[in-house]
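Presented below is the structure to which this report refers.
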Amino acid sequence: MRVIAGTAKGRKLKAVPSEATRPITDRTKEALFSILGSWIIEARVLDLFSGTGAVGIEALSRGAAHVTFIEKNQAATRIIGENLRTTGLAERALVKRADVFTFLAQPPAQPYDLIYIAPPQYQQLWLKTLQTLDCQLERWLLPDGAVVVQIHPVEYEAVALQNLVLYDERKYGSTLLCFYERAER
């Protein structure tokens with residue numbers, strides 16, 4: 001696992017020494033950031049269920065202004081911190097050891113441009129997180145922002161949301177990326 005592009009290009013990232021996380025593959029990460037393009041520059045990113053921090057670190061390396069990492073696993077938060085120091089990107093990041101739903105119950109300091117959701121598989125946590133954000137969208141997502149969900153394709157189900165709409169989905173092997181934006185009013 002490595003940083004693909006930007007200021008930390010080529011730096012290797014440590015993995016969490018357990019099966020508690022499922023790191024994104026370099027191929028999928030490269031595709032994700034190809035889709036996002038230069039839109040990520042100066043973006044504020046919220047990385048939920050951060051794991052190793054690979055997505056948020058890639059965003060920082062490519063010019064994101066700030067990334068907030070939310071991860072409950074203590075070993076994972078330690079690895080995220082180490083990966084941020086290794087890449088020299090720690091000053092533009094906040095790593096918070098917390099349950100995602102407890103975190104989302106509190107108002108944010110300011111909304112985000114991109115919210116990335118990559119929870120443990122087969123527990124419907126992606127759906128619960130998406131529904132939680134949908135109910136509080138004004139607090140969490142900027143008007144032109146996006147929410148991206150990373151799940152296994154068999155987990156996907158269409159969901160009725162009030163404030164978010166699915167505008168794209170891409171499958172890369174055993175990973176499905178679902179892209180949501182604000183519904184037009």
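Order determines the names: the first chain of the structure tokens is A, the second B, and so forth; residues in each chain are numbered 1 upward, and ligands are numbered 1 upward as they are shown.
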task: Pick out the residues sitting within 9 Å of A:Gly88, and hand them over as a PyMOL selection string; count only C-alpha atoms, and ignore anything fewer than 5 positions along from it in its own chain.
output: chain A and resi 7-8+83
Write the selection just made, keeping C-alpha atoms, as a PDB file, in the first residue's frame?
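Produced file part_24.pdb, reproduced below:
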```pdb
ATOM      1  CA  THR A   7       3.546  15.501  -2.523  1.00  0.00           C
ATOM      2  CA  ALA A   8       3.898  12.119  -0.781  1.00  0.00           C
ATOM      3  CA  ASN A  83       1.354   7.136   8.233  1.00  0.00           C
TER       4      ASN A  83
END
```
task: Based on DSSP run over this structure's backbone, return all residues of stretch 58-162 of chain A in helix (DSSP H, G or I), as a PyMOL selection string.
output: chain A and resi 58-61+74-87+90-92+100-104+125-135+137-140+153-155
task: Excluding A:Leu48 and residues on its chain fewer than 5 positions from it, collect all residues at most 6 Å away from it, counting only C-alpha atoms, and give them as a PyMOL selection string.
output: chain A and resi 70+116-117
Write out, as a PDB file, in the first residue's frame, the residues just selected, with C-alpha atoms.
```
ATOM      1  CA  ILE A  70     -12.568   9.058  12.450  1.00  0.00           C
ATOM      2  CA  TYR A 116     -15.766   9.139   2.586  1.00  0.00           C
ATOM      3  CA  ILE A 117     -17.472   6.124   4.203  1.00  0.00           C
TER       4      ILE A 117
END
```
- prompt: Just asking: which residues within stretch 42-178 of chain A are strand (DSSP E) according to DSSP, as a PyMOL selection string?
  reply: chain A and resi 44-48+66-71+93-97+112-117+141-151+164-172+175-178
Contact residues around stretch 155-163 of chain A with only C-alpha atoms at 6 Å, ignoring same-chain residues under 6 positions, as an mmCIF file with C-alpha atoms, in the first residue's frame:
```cif
data_model
loop_
_atom_site.group_PDB
_atom_site.id
_atom_site.type_symbol
_atom_site.label_atom_id
_atom_site.label_comp_id
_atom_site.auth_asym_id
_atom_site.auth_seq_id
_atom_site.Cartn_x
_atom_site.Cartn_y
_atom_site.Cartn_z
ATOM 1 C CA ASP A 134 -28.872 12.381 5.026
ATOM 2 C CA ARG A 182 -27.312 16.752 -2.730
ATOM 3 C CA ALA A 183 -30.732 16.251 -4.236
#
```
message: Under the rule that only C-alpha atoms are counted, which of A:Ile24, A:Val165, A:Ala64, A:Val100 is the nearest residue to A:Ile41?
response: A:Ala64
A:Leu141, A:Ala75, A:Ala54, A:Val149 ranked by distance to A:Leu114, top pick (using only C-alpha atoms): A:Leu141
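Minimum distance to A:Val45 across A:Arg92, A:Lys29, A:Lys72, A:Arg11 (counting only C-alpha atoms) occurs at A:Arg92.
Of the listed residues (A:Phe103, A:Trp39, A:Tyr180, A:Tyr172), A:Tyr180 comes nearest to A:Leu130; the distances count only C-alpha atoms.
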- prompt: If you count only C-alpha atoms, which residues fall within 10 Å of A:Leu46, apart from same-chain ones fewer than 6 positions away, as a PyMOL selection string?
  reply: chain A and resi 56+66-70+94+111-117+140-141+147
Write the selection just made, keeping N, CA and C atoms, as a PDB file, in the first residue's frame?
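Here's the written file part_16.pdb:
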```
ATOM      1  N   GLY A  56      -7.725   9.263   3.028  1.00  0.00           N
ATOM      2  CA  GLY A  56      -7.499  10.630   3.498  1.00  0.00           C
ATOM      3  C   GLY A  56      -6.084  11.112   3.237  1.00  0.00           C
ATOM      4  N   HIS A  66      -7.587  19.893   4.350  1.00  0.00           N
ATOM      5  CA  HIS A  66      -7.637  19.266   5.674  1.00  0.00           C
ATOM      6  C   HIS A  66      -8.412  17.957   5.595  1.00  0.00           C
ATOM      7  N   VAL A  67      -7.987  16.967   6.380  1.00  0.00           N
ATOM      8  CA  VAL A  67      -8.729  15.712   6.499  1.00  0.00           C
ATOM      9  C   VAL A  67      -8.922  15.398   7.977  1.00  0.00           C
ATOM     10  N   THR A  68     -10.158  15.064   8.330  1.00  0.00           N
ATOM     11  CA  THR A  68     -10.477  14.568   9.664  1.00  0.00           C
ATOM     12  C   THR A  68     -10.691  13.068   9.538  1.00  0.00           C
ATOM     13  N   PHE A  69      -9.915  12.307  10.281  1.00  0.00           N
ATOM     14  CA  PHE A  69      -9.987  10.844  10.278  1.00  0.00           C
ATOM     15  C   PHE A  69     -10.757  10.396  11.518  1.00  0.00           C
ATOM     16  N   ILE A  70     -11.798   9.596  11.333  1.00  0.00           N
ATOM     17  CA  ILE A  70     -12.568   9.058  12.450  1.00  0.00           C
ATOM     18  C   ILE A  70     -12.452   7.530  12.406  1.00  0.00           C
ATOM     19  N   LEU A  94      -6.502  15.778  11.344  1.00  0.00           N
ATOM     20  CA  LEU A  94      -6.943  15.526  12.707  1.00  0.00           C
ATOM     21  C   LEU A  94      -7.360  14.071  12.769  1.00  0.00           C
ATOM     22  N   PRO A 111     -18.809  22.354   7.760  1.00  0.00           N
ATOM     23  CA  PRO A 111     -19.122  21.235   6.866  1.00  0.00           C
ATOM     24  C   PRO A 111     -17.935  20.862   5.974  1.00  0.00           C
ATOM     25  N   TYR A 112     -18.076  19.729   5.318  1.00  0.00           N
ATOM     26  CA  TYR A 112     -17.008  19.160   4.489  1.00  0.00           C
ATOM     27  C   TYR A 112     -17.381  19.186   3.009  1.00  0.00           C
ATOM     28  N   ASP A 113     -16.336  19.144   2.176  1.00  0.00           N
ATOM     29  CA  ASP A 113     -16.523  19.023   0.729  1.00  0.00           C
ATOM     30  C   ASP A 113     -16.752  17.566   0.331  1.00  0.00           C
ATOM     31  N   LEU A 114     -16.039  16.668   1.010  1.00  0.00           N
ATOM     32  CA  LEU A 114     -16.100  15.243   0.689  1.00  0.00           C
ATOM     33  C   LEU A 114     -16.187  14.447   1.978  1.00  0.00           C
ATOM     34  N   ILE A 115     -17.137  13.529   2.014  1.00  0.00           N
ATOM     35  CA  ILE A 115     -17.244  12.594   3.132  1.00  0.00           C
ATOM     36  C   ILE A 115     -17.069  11.197   2.549  1.00  0.00           C
ATOM     37  N   TYR A 116     -16.081  10.486   3.068  1.00  0.00           N
ATOM     38  CA  TYR A 116     -15.766   9.139   2.586  1.00  0.00           C
ATOM     39  C   TYR A 116     -16.154   8.128   3.653  1.00  0.00           C
ATOM     40  N   ILE A 117     -16.962   7.141   3.276  1.00  0.00           N
ATOM     41  CA  ILE A 117     -17.472   6.124   4.203  1.00  0.00           C
ATOM     42  C   ILE A 117     -16.970   4.760   3.753  1.00  0.00           C
ATOM     43  N   TRP A 140     -23.285  18.789   7.766  1.00  0.00           N
ATOM     44  CA  TRP A 140     -22.089  18.011   7.438  1.00  0.00           C
ATOM     45  C   TRP A 140     -21.521  18.240   6.046  1.00  0.00           C
ATOM     46  N   LEU A 141     -22.340  18.543   5.056  1.00  0.00           N
ATOM     47  CA  LEU A 141     -21.863  18.591   3.672  1.00  0.00           C
ATOM     48  C   LEU A 141     -22.099  19.965   3.051  1.00  0.00           C
ATOM     49  N   VAL A 147     -20.600  12.636  -1.134  1.00  0.00           N
ATOM     50  CA  VAL A 147     -20.388  11.537  -0.199  1.00  0.00           C
ATOM     51  C   VAL A 147     -20.045  10.316  -1.039  1.00  0.00           C
TER      52      VAL A 147
END
```
field: Within 12 Å of A:Gln106 using only C-alpha atoms, minus same-chain residues under 2 positions, as a list in words
entry: Ala98, Asp99, Val100, Phe101, Thr102, Phe103, Leu104, Pro108, Ala109, Gln110, Thr132, Leu133, Gln136, Arg139 and Trp140 of chain A
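Between A:Gly53 and the residues A:Ala31, A:Leu89, A:Ile80, A:Ala65, the shortest atom-to-atom distance, using only C-alpha atoms, involves A:Ile80.
Here atom CA of A:Tyr122 stands at a distance of 26.3 Å from atom CA of A:Leu36.
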message: Need to verify the contact set: A:Leu176, 9 Å, only C-alpha atoms, exclusion of same-chain residues closer than 3 positions in sequence. Can you return it as an MDAnalysis selection string?
response: chainID A and resid 149:154 156 169:173
